[in-house]
Structure formats: structure tokens, C-alpha cells
Amino acid sequence: MEKNMNAVVTYAPHDYRYEKFPMPECGKDDIIIRVILCGICAGDLKAWEGGPRFWGGEGWDPYVEPPCIPGHEFVGEIVAIGEENPYWGKLKIGQRVVPEQVAPCGSCYFCKKGQYHLCQPHDVFGFKNYLNGGFAQFARLPKTALVHAVPDSIPDELAVLIEPFACSMHAVDRAQIEKGDTVVLAGAGPLGLGMVAAAKLKKPGKLIVLDMRKDRLEKAKALGADIVLDPSSDDAYKEIAKLTQNVGCDIYIEATGHPSAVQQGLDLLRKGGRFVEFSVFSKPAVVDWSIIGDGKELDIIGVSLSPNCFGKVIEGFTSGELKADGVLTDVYPLSDFEEAFKRCSKEGAVKVALKP
């Protein structure tokens with residue numbers, strides 16, 4: 001067997017290299033998978049661009065520990081499994097699987113409380129040199145990895161969306177949408193579109209999606225949005241005021257990653273409404289906090305990762321109840337990763353994936 005594989009390796013911002021990298025070895029408690037597809041996340045792009053959230057600065061400790069292989073939205077086929085791995089006897093060679101993005105330690109304060117997605121070490125595939133991700137031909141899943149089997153009925157092109165849609169579902173769960181609520185979702189990127197599909201299952205009174213790209217608004221409409229608006233040309237405040245008798249929306253979900261969308265949400269919400277923050281920002285969002293308390297008495301809800309949602313997404317994809325049509329738009333060879341990164345921001349692109 002080859003001792004090296006093809007991989008994209010992170011060294012520094014804008015210094016990612018397609019090169020030969022040592023093949024992962026299967027220890028007694030590991031799983032080795034052949035990567036089939038790996039999606040490109042907004043976090044991957046912000047790490048590539050040198051965002052302080054990933055490389056340190058502006059109050060952040062460095063999160064990326066190079067050299068490492070990026071990618072945490074991957075589906076693969078098991079090629080080896082150690083006899084002491086917790087999935088030994090449950091998963092088989094040749095079976096397709098998706099790992100959750102975090103490999104929780106199981107012993108920290110948060111893991112013991114059942115909040116494994118908030119694990120203190122917070123080891124996420126693709127950012128640490130000891131936990132390489134899916135921008136490679138093969139990947140090692142350690143014993144701490146949370147691994148889910150992919151049913152044969154789910155094609156590879158849908159399986160690669162399980163991780164981002166699980167994040168979307170967690171955001172919608174945190175939003176606590178009730179039947180009849182007016183929900184405004186800002187951002188119709190890959191994760192925003194996953195939220196549209198998940199939110200539609202909650203039967204809101206009105207599901208309104210905001211984005212500045214027509215192609216993404218069209219996809220949001222196809223996935224179940226009742227109303228789509230472009231804030232650059234539509235008066236979103238006026239339209240939502242009209243729809244709510246000047247009260248404001250019940251729930252606002254921020255999924256754009258742009259600081260201006262935070263103030264927008266605070267303005268659009270009704271008194272006693274709920275603001276759900278999902279994005280990772282490239283720079284701080286600054287607002288007048290008095291509107292949160294004295295002004296409107298808002299609930300502010302944060303969202304991180306996708307606890308207990310992979311199974312629900314797999315079930316939704318299997319039944320067809322959870323829609324994802326048109327979300328995966330582009331697949332590039334791993335060697336063309338830079339072109340794939342550039343494609344992510346272009347018209348017509350939603351989720352872009354790499355194929356080793």
C-alpha cells in the first residue's frame with residue numbers, strides 16, 4: 001500500500017499546498033476512511049483568508065495548528081477499523097460513514113454535562129495537526145470521533161450535506177419555532193438553505209428569507225420560503241412591518257456572517273422576540289445593547305455545531321422530508337482546491353465540494 005496520499009495541507013493564511021502527505025495508519029482504536037467527497041465550509045474560507053478567529057489576534061487565541069489537512073464536511077468509505085474502536089462490530093469495511101465535526105474528549109466539564117459539542121479541548125477535524133480533515137484521499141477517525149452510517153438510499157452528493165444540514169437543524173432547534181411564528185432568516189448560503197428546509201418542518205406562519213443574491217433566493221423559495229427579499233433593493237423593514245401589523249417578526253436567525261445583519265435583526269424583531277446567532281464573523285459586530293434589554297427585552301440565543309442532529313438529518317434525507325435540492329452545485333478535483341475556494345463566492349454557487 002502507498003505510504004503517501006494526495007492532500008491539501010494548511011501552513012499559513014493563503015499558504016495551502018496540494019502535496020503528498022503521509023497516509024494515516026490505523027491504530028487499534030482508529031477508523032480509516034477513503035474520502036469520497038468533502039464540502040468547503042465558510043469556516044474553511046475564513047481560515048484560508050487569515051481570519052483572527054482561526055489564526056489569533058483581536059482577542060482570539062490561535063485555533064488552527066498547522067501543518068494540518070482542512071475539511072470537516074466529509075463522507076467516506078471505511079477501509080480499516082481497529083479492534084478496540086467503539087464502533088468495532090457495529091460498522092464494517094466498505095460501509096459509508098460521516099463523522100461529526102467535533103471529536104469530544106468525553107471527560108471535560110461540558111462532555112460530562114452532555115454538551116459534547118462544547119467540549120473544552122474543542123477538537124474539530126481539519127484545524128489541528130493531530131486531527132486532520134477530509135481534504136485528502138484518506139482520513140483517520142480516532143476513538144473519540146462520533147461516526148454515523150450512511151444508508152445506501154442516500155447518494156454521495158446528498159451524504160456530503162449531512163454535516164452542514166445538521167448544523168442548520170441545530171440552529172432551527174435553538175430557535176424554538178412554534179406553529180404560526182413569523183420567522184426571518186438572514187442568509188441563504190448552504191447553511192441558511194439548510195435552515196429553510198428544517199424551519200419549514202416547524203410550520204411557521206411566515207418564513208421570510210433575506211439575501212442579496214437572486215440565485216440563492218430562488219433556491220430558498222424552492223426549499224419552502226414563503227417570501228424572499230433582497231435588502232439591497234427591497235425595503236425589508238417596510239415589508240416585514242406590513243406583514244406583522246407593525247409589530248415585527250417573532251424570530252430572527254442570523255446566518256450571513258456580516259456584522260450589519262446583527263443590527264438588522266435587532267431592528268426587525270418584535271418586543272419579546274428571539275434573536276438566534278449562528279455565524280462566525282470575520283470582524284466584530286458592534287450594536288447598541290440597550291435595545292436588547294430596555295428597548296425590546298429580547299432573547300439572544302447562540303448556536304454552535306450540531307449536537308444530536310446527524311441522526312435526524314439522515315432520517316430526513318432518507319424519508320425525503322428534509323429537502324436539499326440544488327444545494328450542492330459544484331464538485332472540483334482536490335488538486336483544484338484554489339479554484340473551488342474562488343467558486344464559493346461566485347454567482348450560481350452554493351455548496352462547493354472537493355473530490356479526492
# chains A, B, ... in the order shown; residues from 1 in each chain; ligands from 1
>>> select_by_dssp(residues="segment 36-266 of chain A", states="helix (DSSP H, G or I)", output="MDAnalysis selection string")
chainID A and resid 42:48 52:55 109:112 116:118 156:159 162:175 190:200 214:223 236:243 260:266
>>> residues_around(residues="Ile253 of chain A", least_positions_apart="6", cutoff="12 Å", atoms="only C-alpha atoms", output="PyMOL selection string")
chain A and resi 168+170-177+182-188+191-193+195-196+199+207-210+261-262+264-266+268-269+273-279+299-303
>>> residues_around(residues="Gly76 of chain A", least_positions_apart="3", cutoff="8 Å", atoms="only C-alpha atoms", output="PyMOL selection string")
chain A and resi 33-37+96-98
>>> closest_residue(among="A:Tyr332, A:Ile81, A:Phe138, A:Trp88", to="Lys3 of chain A", atoms="only C-alpha atoms")
A:Phe138
>>> select_by_dssp(residues="segment 47-124 of chain A", states="strand (DSSP E or B)", output="mmCIF file with C-alpha atoms, in the first residue's frame")
data_model
loop_
_atom_site.group_PDB
_atom_site.id
_atom_site.type_symbol
_atom_site.label_atom_id
_atom_site.label_comp_id
_atom_site.auth_asym_id
_atom_site.auth_seq_id
_atom_site.Cartn_x
_atom_site.Cartn_y
_atom_site.Cartn_z
ATOM 1 C CA GLY A 57 -5.471 38.279 17.182
ATOM 2 C CA TRP A 60 -8.648 35.230 19.877
ATOM 3 C CA GLU A 65 -2.473 24.400 14.385
ATOM 4 C CA CYS A 68 -2.877 20.262 9.065
ATOM 5 C CA GLU A 73 -17.815 18.155 5.959
ATOM 6 C CA PHE A 74 -16.826 14.770 4.640
ATOM 7 C CA VAL A 75 -18.271 11.404 3.729
ATOM 8 C CA GLY A 76 -16.068 8.374 3.259
ATOM 9 C CA GLU A 77 -15.864 4.607 2.984
ATOM 10 C CA ILE A 78 -14.311 2.548 5.770
ATOM 11 C CA VAL A 79 -11.123 0.783 4.681
ATOM 12 C CA ALA A 80 -9.821 -0.250 8.117
ATOM 13 C CA ILE A 81 -11.138 -0.381 11.673
ATOM 14 C CA TRP A 88 -15.962 -2.377 16.061
ATOM 15 C CA LEU A 91 -19.583 -0.676 11.372
ATOM 16 C CA ARG A 96 -20.027 4.711 4.051
ATOM 17 C CA VAL A 97 -19.924 6.958 7.106
ATOM 18 C CA VAL A 98 -19.945 10.626 8.107
ATOM 19 C CA PRO A 99 -18.149 11.818 11.246
ATOM 20 C CA VAL A 102 -16.062 17.583 16.737
ATOM 21 C CA VAL A 124 -12.683 19.798 15.259
#
